[in-house]
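S.K.: First the structure, which I've put down as structure tokens, then a few questions once you've had a look.
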Amino acid sequence: MLPVFSQSSSDCCPCWTERNHTVQDNNQCFLKVLQTAAPAGLNETIQCKIIISVFKGLQNVINGQKSFPKELTGSLLAAIQVYIVYGQPGVPSVVPSSLYSVPLAQYETQSTANRSLKDETPKADSDETKSTAKGKTAAKKSRRARNRNKKADDTQDLDETVDSFADGGGHSAESCLSDATAAGFWLSLASSDSDVSDTESGGAARLLGSTARVRVNALVCFHALIKVIERRIMFGYWPSFIPDTNDVAITSTKLTLFTVILKDPSHKVRCAALGVLNALLDGSKQYLMAAEDAGQYPNAPFTTFYVTVGYMIKEIHRCLLQVLSSEPSAIVIIQIIKCLSVLVANVPYQRLQPGLLSRIVRQIRPYLSHRDANIRVACLTCLGNVVSVHSPMIEVYHLLLPQKRSTRLSEQDARSAIGGLDESFNNAPDSACAAAKESGYSSSGGGVFSSGIVTPVLTSGVMTPAASESGEQEMSWLVRLCLQNVLPSVSDPKSPNSSEAGHSSIVTHPLPVRLESLQLLAQIARGYFIVLRPHLEIIRDLVSSCLLGQDCSVQLHGAKLLDAVGSMILHQQSNSATDVTLDQALSLWLPLMNGPIQNAVREDVNQTVKATICDCISNIGSDVFEKLPSDKRILCITLLLGFSGDDDHHVKAAATRALGCYIVYPCLREDILFVADTANVLILAASEPILSVRWRAAWSLSNLSDALLLNKSDGNDEFLKGFSQLLLTKLFQTAVRLCSDNEKARSNGIRTLGNLLRYLPENLCENGRFRQLIDDSVAVIIKNVVNGTVKVRWNASYAIGNIFRNENLHYILECHLSQIFSALLTSVRQCKNFKVRISATSALAVPSQRTFYGDTSMFVGIWDGLVGVLVSLEADDKDFSEFRYQDSLIGQICKTLMHLASLVAKDDLLDLLKGILRTRSDFIAIHIERFYHSMTEKSDKEQIDISLFLKISSHLEMMKLVETALSPCQLEAIGLLFAVFSTPEPSLTPSQDMEHLPLQSGFRQMYD
């Protein structure tokens, strides 16, 4: 008879089910071995081999399955917590059955089997070894001969046990363990004593090595487990491995990773522990963002979890810097600095008291001139993360100041400024300096240690202040160090390191040091441009030397530095900042275009360098571009148009994006030939199979459509007449195709369609060829109003507003009005994102004529929909994710209702009276009054909207005068509209407003 299987996936595949059971049995078997105390007669070396094999087996299971059962995670972590300190003197070796994730209580019921693995191991093995050493050689040989058969039998038993687990058909792990006692199970896995019958000194050395390998394998297994367990789950076990209090009495008795990092004699074990800590910290930013400093709640009755996280962060800083101050091994020093880099990248320093970053910089600064290039690279990477942390922070700004400006504070002021950690932590930099000198620190170069660099006591997260004029010309010590690392230097002919006695030579730093220094300069430029701003000429010469070099990696990082500096200059110019003048920007770009940039875009140059050069050229800016000589402008345009057809998709994507930046320049958007060439290039790029090229082409096409609108709004009739209709048709077709593409390209395709429909001249609206394009475009936009991502829906609503702004499309849109208003109202009612709802509400207020809103039923339906949204917002107070935008949405609905009230026709009055005014007039009036008061409290720019009240009043008064034979119901409706949309009180002039405002201090005015 054939067996009957169920329809479940596990039953339909019995082999897979058997495999899963086998893996589960293996996991339980491994954990049982780790939790069971070793028998009295088992040699310690054999015990270490068994434990190592168990951890390797667990590693294979974890790496092969890419997962681990959640119900067994606590048990494995409990065993790991004990075995990472295995073999250390004075450390208890009790293995609990499980660890519990916070906020569960840490409790354990000890059983008789879970006794001390170390204390219950008798000294018989050592005594036996001593007596054997005293015996004669003949006795040893005879004993080895007697035990050969026993070893073979034990090995056979072990193979049979393993085979039974692998087959899965015999006994499970639980049944095997239940049939034999714990001691018998250990002895069944052990080999004979002949494996460890060596001399006394050799056995002791091997035992130390074996215990160290146990600790290493436990840490490697821990590292593998971290990689497959969810960060959310693993974060709950942090208090079991990381100190969560600053009480030394508690932290000294608790087994944590820092117990291994600080006290383990083997540098391999310390490196493995640092690797585990690195894996724990990596990707933990979202969980550490909730950290709070205990100083914020000095009188709190209990310690919150967020304060506990803050304690853990401080303890990680303290322990890492403490071990860095006394670590002699260069390999471990590199791992410590890498851990500090990952720590800096994930800790929310803006939520903690300042001082932590200062200590990190002070500790690693001596190692910046270490003879080991890998240590220097690690230090530069760590400093790069420091300057990238929630920039700009005033603490980091003070750390970057020149040395003579940062040593003005006394030692007492320094200690009071940094505060918050223990005294031993405050004295750490001195010991760090001594340890650095012992491990290869050289006092020459840019790594001179300064113990006076401190951070003043300021609120964390304060933005960087403007530098004083006296300090702007002083170069930061870190910038000077990076320049020394990148640029070649001439060695002293009298130096013993000179290649030839009496002759100077060119000395260059190792390539990784040079690249990391360039990357650090780019990070400083993005976060603290104020530090580089006075030295733009030096940065220009540095970039020039990099671009003129032959090493493609140096060229690439030099181009990235230019990209960072250029983007910051462009950002300041766009914000009308006077920090960098136009002449300074020209002095940066002109010398680079005379040779370095051309050398970096040669045919034999790396493609990534070419792509980065395109990004650099896109940051020139319209003001600087107009001041460039004509040959340099032609050079930029030729490079971008040429690279837009490159075979490499990275170069093509970068060139496409740069053309999108250039197309909005005033001097280029009016050039019909350039606009036509760019449009043809972008149309071809939008059909590329590579997504990165397509979505950049879509973004550039949206900028091109913005340029067309700007030309139309400026009244450039010559451009409107000269622009090709065939090219405009291709733009419509490309944009429609992009609206069905990936989400990244779709939003920009919709934006392009909205701009093109708004740009469309009157003569083309009546063209039959464009009529079909208009219908297709409107249908695509309506579809995306209610479907797609948030960005797509927002752009679709904005595109409909652009369509309404083109009055030439009124007659064409009559057949689409019902679908348009239905989609917009659906978005206003149902979309969870308030920005999308605000955009849809704004689109409903765009039409300037009553005829654009269709018949009476459609017009009144818009009123009903908007008032219904107001009612739902008033009643629904459960969702706080978008709460900060709720007032903006209510204000926009009030604006739209006021706009609709200013367009009410005679035929709309009866339906409005029956549907809304009689039942909801008081409710609407309350919101309108709140909206009026909110406008009067804002700036004068937004008070212009108060004119809507006057527009509504004049429109209703005119309706009463012009319209004849108004029914009583219509007059009632007009009266209710007057009552709803009348100004609550006369508006005040700006001078009268100032009289009612309280006096403000200079600080208050500056803060506002």
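Following the order of the structure tokens, first chain is A, next is B, and so on, with residues numbered from 1 inside each chain and ligands from 1 in the order they appear.
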Among region 574-620 of chain A, which residues carry a DSSP assignment of helix (DSSP H, G or I), reported as a compact mmCIF listing (two decimals) with N, CA, C and O atoms, in the first residue's frame?

M.R.:
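Here's the written file states16.txt:
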# COMPACT_ATOMS: atom_id res chain seq x y z
N SER A 574 23.96 79.17 -4.38
CA SER A 574 22.52 79.07 -4.57
C SER A 574 21.76 79.67 -3.38
O SER A 574 20.62 80.12 -3.53
N LEU A 582 32.58 85.15 -6.40
CA LEU A 582 32.62 84.65 -7.77
C LEU A 582 34.05 84.56 -8.29
O LEU A 582 34.40 83.61 -9.01
N ASP A 583 34.87 85.51 -7.92
CA ASP A 583 36.27 85.46 -8.35
C ASP A 583 37.02 84.27 -7.74
O ASP A 583 37.85 83.64 -8.41
N GLN A 584 36.71 83.94 -6.49
CA GLN A 584 37.35 82.77 -5.88
C GLN A 584 36.92 81.49 -6.58
O GLN A 584 37.74 80.58 -6.78
N ALA A 585 35.65 81.41 -6.94
CA ALA A 585 35.18 80.22 -7.66
C ALA A 585 35.83 80.12 -9.03
O ALA A 585 36.21 79.02 -9.48
N LEU A 586 35.98 81.25 -9.71
CA LEU A 586 36.65 81.23 -11.01
C LEU A 586 38.12 80.82 -10.88
O LEU A 586 38.64 80.07 -11.71
N SER A 587 38.77 81.31 -9.83
CA SER A 587 40.17 80.93 -9.62
C SER A 587 40.33 79.45 -9.30
O SER A 587 41.41 78.89 -9.46
N LEU A 588 39.26 78.82 -8.85
CA LEU A 588 39.31 77.37 -8.63
C LEU A 588 39.15 76.60 -9.93
O LEU A 588 39.90 75.64 -10.17
N TRP A 589 38.22 77.01 -10.79
CA TRP A 589 37.88 76.20 -11.95
C TRP A 589 38.79 76.47 -13.15
O TRP A 589 39.13 75.52 -13.89
N LEU A 590 39.16 77.71 -13.38
CA LEU A 590 39.92 78.02 -14.59
C LEU A 590 41.25 77.27 -14.68
O LEU A 590 41.54 76.65 -15.72
N PRO A 591 42.10 77.27 -13.64
CA PRO A 591 43.36 76.51 -13.76
C PRO A 591 43.14 75.02 -13.96
O PRO A 591 43.95 74.37 -14.64
N LEU A 592 42.08 74.48 -13.40
CA LEU A 592 41.83 73.05 -13.56
C LEU A 592 41.41 72.70 -14.98
O LEU A 592 41.67 71.58 -15.45
N MET A 593 40.77 73.64 -15.66
CA MET A 593 40.33 73.36 -17.04
C MET A 593 41.45 73.54 -18.06
O MET A 593 41.29 73.14 -19.22
N PRO A 596 44.51 69.85 -16.15
CA PRO A 596 44.21 68.70 -15.29
C PRO A 596 42.93 67.96 -15.67
O PRO A 596 42.93 66.72 -15.73
N ILE A 597 41.84 68.69 -15.91
CA ILE A 597 40.60 68.00 -16.26
C ILE A 597 40.71 67.31 -17.61
O ILE A 597 40.24 66.18 -17.79
N GLN A 598 41.37 67.95 -18.55
CA GLN A 598 41.55 67.32 -19.86
C GLN A 598 42.42 66.06 -19.76
O GLN A 598 42.19 65.07 -20.46
N ASN A 599 43.40 66.09 -18.87
CA ASN A 599 44.25 64.91 -18.69
C ASN A 599 43.47 63.76 -18.04
O ASN A 599 43.76 62.58 -18.31
N ALA A 600 42.48 64.10 -17.22
CA ALA A 600 41.71 63.07 -16.52
C ALA A 600 40.63 62.45 -17.37
O ALA A 600 40.04 61.44 -16.95
N GLN A 607 37.20 54.51 -16.48
CA GLN A 607 35.85 55.02 -16.74
C GLN A 607 35.23 55.67 -15.51
O GLN A 607 34.47 56.63 -15.62
N THR A 608 35.56 55.16 -14.34
CA THR A 608 35.02 55.76 -13.12
C THR A 608 35.53 57.18 -12.93
O THR A 608 34.81 58.05 -12.43
N VAL A 609 36.78 57.42 -13.32
CA VAL A 609 37.33 58.77 -13.23
C VAL A 609 36.56 59.71 -14.16
O VAL A 609 36.23 60.85 -13.79
N LYS A 610 36.26 59.25 -15.35
CA LYS A 610 35.49 60.08 -16.30
C LYS A 610 34.11 60.41 -15.73
O LYS A 610 33.64 61.55 -15.85
N ALA A 611 33.47 59.41 -15.14
CA ALA A 611 32.14 59.67 -14.56
C ALA A 611 32.22 60.69 -13.44
O ALA A 611 31.36 61.57 -13.31
N THR A 612 33.27 60.60 -12.61
CA THR A 612 33.41 61.57 -11.52
C THR A 612 33.71 62.96 -12.05
O THR A 612 33.26 63.97 -11.48
N ILE A 613 34.48 63.06 -13.12
CA ILE A 613 34.75 64.37 -13.74
C ILE A 613 33.46 64.99 -14.25
O ILE A 613 33.25 66.21 -14.13
N CYS A 614 32.56 64.17 -14.79
CA CYS A 614 31.26 64.70 -15.22
C CYS A 614 30.48 65.26 -14.03
O CYS A 614 29.83 66.32 -14.14
N ASP A 615 30.55 64.57 -12.89
CA ASP A 615 29.89 65.10 -11.70
C ASP A 615 30.52 66.41 -11.25
O ASP A 615 29.82 67.33 -10.80
N CYS A 616 31.85 66.51 -11.39
CA CYS A 616 32.52 67.76 -11.01
C CYS A 616 32.08 68.91 -11.91
O CYS A 616 31.79 70.01 -11.43
N ILE A 617 32.03 68.66 -13.20
CA ILE A 617 31.66 69.72 -14.14
C ILE A 617 30.23 70.19 -13.91
O ILE A 617 29.90 71.37 -14.10

S.K.: Find the residues around Ala330 (chain A) up to 9 Å (only C-alpha atoms counted), leave out those fewer than 4 positions away in its own chain, and share them as a PyMOL selection string.

M.R.: chain A and resi 334-335+372+374-375+439

S.K.: Could you please take those selected residues and save all heavy atoms as a compact mmCIF listing (two decimals), in the first residue's frame?

M.R.:
# COMPACT_ATOMS: atom_id res chain seq x y z
N ILE A 334 44.87 47.92 15.17
CA ILE A 334 44.08 48.17 13.96
C ILE A 334 42.62 47.80 14.20
O ILE A 334 41.70 48.55 13.83
CB ILE A 334 44.67 47.38 12.77
CG1 ILE A 334 46.07 47.92 12.42
CG2 ILE A 334 43.76 47.48 11.56
CD1 ILE A 334 46.78 47.11 11.37
N GLN A 335 42.40 46.65 14.84
CA GLN A 335 41.03 46.23 15.10
C GLN A 335 40.32 47.17 16.07
O GLN A 335 39.13 47.45 15.93
CB GLN A 335 41.03 44.80 15.65
CG GLN A 335 41.49 43.74 14.67
CD GLN A 335 40.60 43.67 13.44
OE1 GLN A 335 39.38 43.83 13.52
NE2 GLN A 335 41.20 43.45 12.29
N ASP A 372 53.50 51.88 10.96
CA ASP A 372 52.66 50.92 10.25
C ASP A 372 51.59 51.68 9.45
O ASP A 372 50.76 52.39 10.02
CB ASP A 372 52.00 49.98 11.25
CG ASP A 372 51.34 48.79 10.57
OD1 ASP A 372 51.05 48.88 9.37
OD2 ASP A 372 51.10 47.76 11.24
N ASN A 374 49.02 50.56 7.90
CA ASN A 374 47.65 50.10 8.14
C ASN A 374 47.03 50.80 9.34
O ASN A 374 45.84 51.11 9.34
CB ASN A 374 47.66 48.59 8.38
CG ASN A 374 48.07 47.82 7.14
OD1 ASN A 374 47.71 48.18 6.03
ND2 ASN A 374 48.86 46.77 7.32
N ILE A 375 47.83 51.07 10.37
CA ILE A 375 47.32 51.81 11.53
C ILE A 375 46.98 53.24 11.13
O ILE A 375 45.96 53.79 11.56
CB ILE A 375 48.36 51.77 12.66
CG1 ILE A 375 48.51 50.35 13.20
CG2 ILE A 375 47.97 52.72 13.79
CD1 ILE A 375 49.49 50.21 14.33
N SER A 439 54.99 51.33 20.57
CA SER A 439 54.63 50.46 19.44
C SER A 439 54.97 51.06 18.10
O SER A 439 54.45 50.63 17.09
CB SER A 439 53.13 50.16 19.49
OG SER A 439 52.40 51.36 19.49

S.K.: Given only C-alpha atoms as the basis, pick out the residue of A:Val693, A:Ala205, A:Val785, A:Leu709 nearest to His650 (chain A).

M.R.: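 Among the listed residues, the smallest separation from His650 (chain A) belongs to A:Val693.
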
S.K.: Find the spatial neighbours of Leu547 (chain A), counting only C-alpha atoms, within a cut-off of 12 Å - ignore same-chain residues fewer than 2 positions away - and output them as an MDAnalysis selection string.

M.R.: chainID A and resid 540:545 549:562 592:602 605:606 609:610 612:613

S.K.: Find the spatial neighbours of Phe625 (chain A), counting only C-alpha atoms, within a cut-off of 12 Å - ignore same-chain residues fewer than 5 positions away - and output them as a list in words.

M.R.: Leu570, Leu582, Asp583, Ala585, Leu586, Trp589, Leu590, Ile617, Ser618, Asn619, Ile620, Ser630, Asp631, Lys632, Arg633, Ile634, Leu635, Cys636, Ile637, Cys661, Tyr662, Val664, Tyr665, Pro666, Cys667 and Leu668 of chain A

S.K.: Which of these, A:Pro512, A:Met393, A:Val780, A:Ser325, has the shortest distance to Ala373 (chain A) once you count only C-alpha atoms?

M.R.: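 Between A:Pro512, A:Met393, A:Val780, A:Ser325, the residue approaching Ala373 (chain A) most closely is A:Pro512.
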
S.K.: In terms of the shortest atom-to-atom distance over only C-alpha atoms, which of A:His649, A:Lys314, A:Lys906, A:His927 is closest to Lys960 (chain A)?

M.R.: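 Nearest to Lys960 (chain A): A:Lys906.
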
S.K.: Pick out the closest residue to Arg751 (chain A) from this set: A:Gly236, A:Gly788, A:Pro392, A:Gly801. Count only C-alpha atoms.

M.R.: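 Ranked by minimum distance to Arg751 (chain A), first place goes to A:Gly801.
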
S.K.: Excluding Ile84 (chain A) and its own-chain neighbours fewer than 4 positions away, which residues fall within 10 Å of it when counting only C-alpha atoms? Please give them as a PyMOL selection string.

M.R.: chain A and resi 79-80+88+211-220+222+255-257+259-260+264+269+272-273

S.K.: Atoms to include: N, CA and C atoms. Write the selected residues as an mmCIF file, in the first residue's frame.

M.R.:
data_model
loop_
_atom_site.group_PDB
_atom_site.id
_atom_site.type_symbol
_atom_site.label_atom_id
_atom_site.label_comp_id
_atom_site.auth_asym_id
_atom_site.auth_seq_id
_atom_site.Cartn_x
_atom_site.Cartn_y
_atom_site.Cartn_z
ATOM 1 N N ALA A 79 26.000 29.675 26.405
ATOM 2 C CA ALA A 79 27.223 28.882 26.339
ATOM 3 C C ALA A 79 28.400 29.717 25.828
ATOM 4 N N ILE A 80 28.146 30.565 24.852
ATOM 5 C CA ILE A 80 29.219 31.407 24.309
ATOM 6 C C ILE A 80 29.745 32.357 25.370
ATOM 7 N N GLN A 88 40.490 30.623 31.692
ATOM 8 C CA GLN A 88 41.108 31.734 32.401
ATOM 9 C C GLN A 88 41.049 31.498 33.901
ATOM 10 N N THR A 211 43.061 25.911 25.010
ATOM 11 C CA THR A 211 42.038 26.774 25.619
ATOM 12 C C THR A 211 41.857 28.074 24.839
ATOM 13 N N ALA A 212 42.973 28.597 24.298
ATOM 14 C CA ALA A 212 42.856 29.801 23.474
ATOM 15 C C ALA A 212 42.061 29.516 22.210
ATOM 16 N N ARG A 213 42.261 28.325 21.616
ATOM 17 C CA ARG A 213 41.493 27.971 20.430
ATOM 18 C C ARG A 213 40.017 27.782 20.752
ATOM 19 N N VAL A 214 39.721 27.308 21.956
ATOM 20 C CA VAL A 214 38.320 27.217 22.377
ATOM 21 C C VAL A 214 37.692 28.609 22.403
ATOM 22 N N ARG A 215 38.385 29.550 22.976
ATOM 23 C CA ARG A 215 37.843 30.908 23.061
ATOM 24 C C ARG A 215 37.698 31.536 21.674
ATOM 25 N N VAL A 216 38.679 31.284 20.802
ATOM 26 C CA VAL A 216 38.598 31.829 19.445
ATOM 27 C C VAL A 216 37.403 31.250 18.706
ATOM 28 N N ASN A 217 37.215 29.932 18.788
ATOM 29 C CA ASN A 217 36.103 29.306 18.077
ATOM 30 C C ASN A 217 34.760 29.724 18.657
ATOM 31 N N ALA A 218 34.695 29.940 19.967
ATOM 32 C CA ALA A 218 33.451 30.451 20.544
ATOM 33 C C ALA A 218 33.133 31.840 20.006
ATOM 34 N N LEU A 219 34.141 32.686 19.876
ATOM 35 C CA LEU A 219 33.925 34.034 19.348
ATOM 36 C C LEU A 219 33.585 34.005 17.865
ATOM 37 N N VAL A 220 34.225 33.118 17.112
ATOM 38 C CA VAL A 220 33.904 33.004 15.681
ATOM 39 C C VAL A 220 32.475 32.516 15.497
ATOM 40 N N PHE A 222 30.079 33.071 17.628
ATOM 41 C CA PHE A 222 29.287 34.238 17.993
ATOM 42 C C PHE A 222 29.179 35.202 16.818
ATOM 43 N N LEU A 255 30.830 38.988 33.137
ATOM 44 C CA LEU A 255 31.511 38.460 31.965
ATOM 45 C C LEU A 255 30.963 39.139 30.719
ATOM 46 N N THR A 256 31.773 39.960 30.086
ATOM 47 C CA THR A 256 31.386 40.654 28.873
ATOM 48 C C THR A 256 32.482 40.495 27.830
ATOM 49 N N LEU A 257 32.233 41.053 26.670
ATOM 50 C CA LEU A 257 33.264 41.032 25.632
ATOM 51 C C LEU A 257 34.508 41.785 26.061
ATOM 52 N N THR A 259 35.735 41.852 28.976
ATOM 53 C CA THR A 259 36.557 40.976 29.810
ATOM 54 C C THR A 259 37.611 40.282 28.967
ATOM 55 N N VAL A 260 37.236 39.874 27.779
ATOM 56 C CA VAL A 260 38.175 39.231 26.851
ATOM 57 C C VAL A 260 39.125 40.260 26.254
ATOM 58 N N ASP A 264 42.443 39.059 28.102
ATOM 59 C CA ASP A 264 42.900 37.813 27.494
ATOM 60 C C ASP A 264 44.350 37.932 27.067
ATOM 61 N N VAL A 269 42.707 35.940 20.327
ATOM 62 C CA VAL A 269 41.412 35.981 20.998
ATOM 63 C C VAL A 269 40.917 37.424 21.097
ATOM 64 N N ALA A 272 39.580 38.418 17.758
ATOM 65 C CA ALA A 272 38.269 37.813 17.503
ATOM 66 C C ALA A 272 37.174 38.513 18.299
ATOM 67 N N ALA A 273 37.459 38.879 19.545
ATOM 68 C CA ALA A 273 36.470 39.596 20.353
ATOM 69 C C ALA A 273 36.165 40.970 19.769
#

S.K.: What's around Ser797 (chain A) at 12 Å? Count only C-alpha atoms, leave out sequence neighbours fewer than 5 positions away in its own chain, and write the answer as a tab-separated table (two decimals) with C-alpha atoms, in the first residue's frame.

M.R.:
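The resulting around.tsv:
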chain	number	residue	atom	x	y	z
A	747	SER	CA	8.04	60.18	-10.81
A	750	ILE	CA	5.09	62.35	-14.61
A	751	ARG	CA	6.71	65.64	-13.68
A	753	LEU	CA	4.42	65.34	-18.66
A	754	GLY	CA	2.85	67.96	-16.40
A	778	VAL	CA	-3.74	62.88	-18.98
A	780	VAL	CA	-1.36	58.20	-17.46
A	781	ILE	CA	-1.24	61.01	-14.90
A	782	ILE	CA	-4.72	60.18	-13.55
A	783	LYS	CA	-3.68	56.55	-13.14
A	784	ASN	CA	-0.66	57.51	-11.05
A	785	VAL	CA	-2.60	59.85	-8.75
A	786	VAL	CA	-4.07	56.89	-6.87
A	787	ASN	CA	-1.37	54.27	-7.55
A	790	VAL	CA	4.46	58.48	-2.35
A	791	LYS	CA	6.79	60.39	-4.66
A	792	VAL	CA	4.90	59.23	-7.76
A	802	ASN	CA	0.16	72.25	-14.09
A	803	ILE	CA	-2.45	70.99	-16.54
A	804	PHE	CA	-5.10	73.26	-15.00
A	820	ILE	CA	-9.43	63.94	-12.51
A	821	PHE	CA	-11.54	65.22	-9.60
A	823	ALA	CA	-8.78	60.70	-8.38
A	824	LEU	CA	-7.79	63.84	-6.49
A	825	LEU	CA	-10.57	63.44	-3.91
A	826	THR	CA	-9.67	59.77	-3.45
A	827	SER	CA	-6.08	60.77	-2.77
A	828	VAL	CA	-7.17	63.46	-0.30
A	835	LYS	CA	2.22	65.43	1.82
A	836	VAL	CA	0.41	63.65	-0.99
A	837	ARG	CA	-2.94	64.78	0.43
A	838	ILE	CA	-1.71	68.36	0.62
A	839	SER	CA	-0.52	68.21	-2.99
A	840	ALA	CA	-3.86	66.84	-4.17
A	841	THR	CA	-5.75	69.51	-2.23
A	842	SER	CA	-3.56	72.21	-3.76
A	843	ALA	CA	-4.33	70.89	-7.26
A	844	LEU	CA	-8.06	71.29	-6.57
A	845	ALA	CA	-7.49	75.02	-5.97
A	846	VAL	CA	-5.62	75.69	-9.23

S.K.: Which residues, written as a list in words, have at least one atom at most 8 Å from Cys319 (chain A), with only C-alpha atoms counted and residues fewer than 4 positions away on the same chain left out?

M.R.: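 With the cut-off at 8 Å, the set is Phe258, Leu262, Glu315 and Val323 of chain A.
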
S.K.: Could you please determine the separation between CA of Ser266 (chain A) and CA of Lys32 (chain A) in Å, to one decimal place?

M.R.: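 These atoms are spaced 27.7 Å apart.
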
S.K.: What are the closest atom pairs, with distances in Å to one decimal, for each residue of region 623-694 of chain A lying within 6 Å of region 699-707 of chain A, using only C-alpha atoms, rows by chain and rising residue number, as CSV?

M.R.:
residue,atom,partner,partner_atom,distance
A:Arg657,CA,A:Ser700,CA,6.0
A:Gly660,CA,A:Ser700,CA,3.9
A:Ile663,CA,A:Leu704,CA,6.0
A:Val664,CA,A:Ala707,CA,5.4
A:Arg669,CA,A:Ala707,CA,5.9

S.K.: Please, what distance in Å, to one decimal, runs between CA of Val95 (chain A) and CA of Gln35 (chain A)?

M.R.: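 Computing it gives 5.7 Å between the two atoms.
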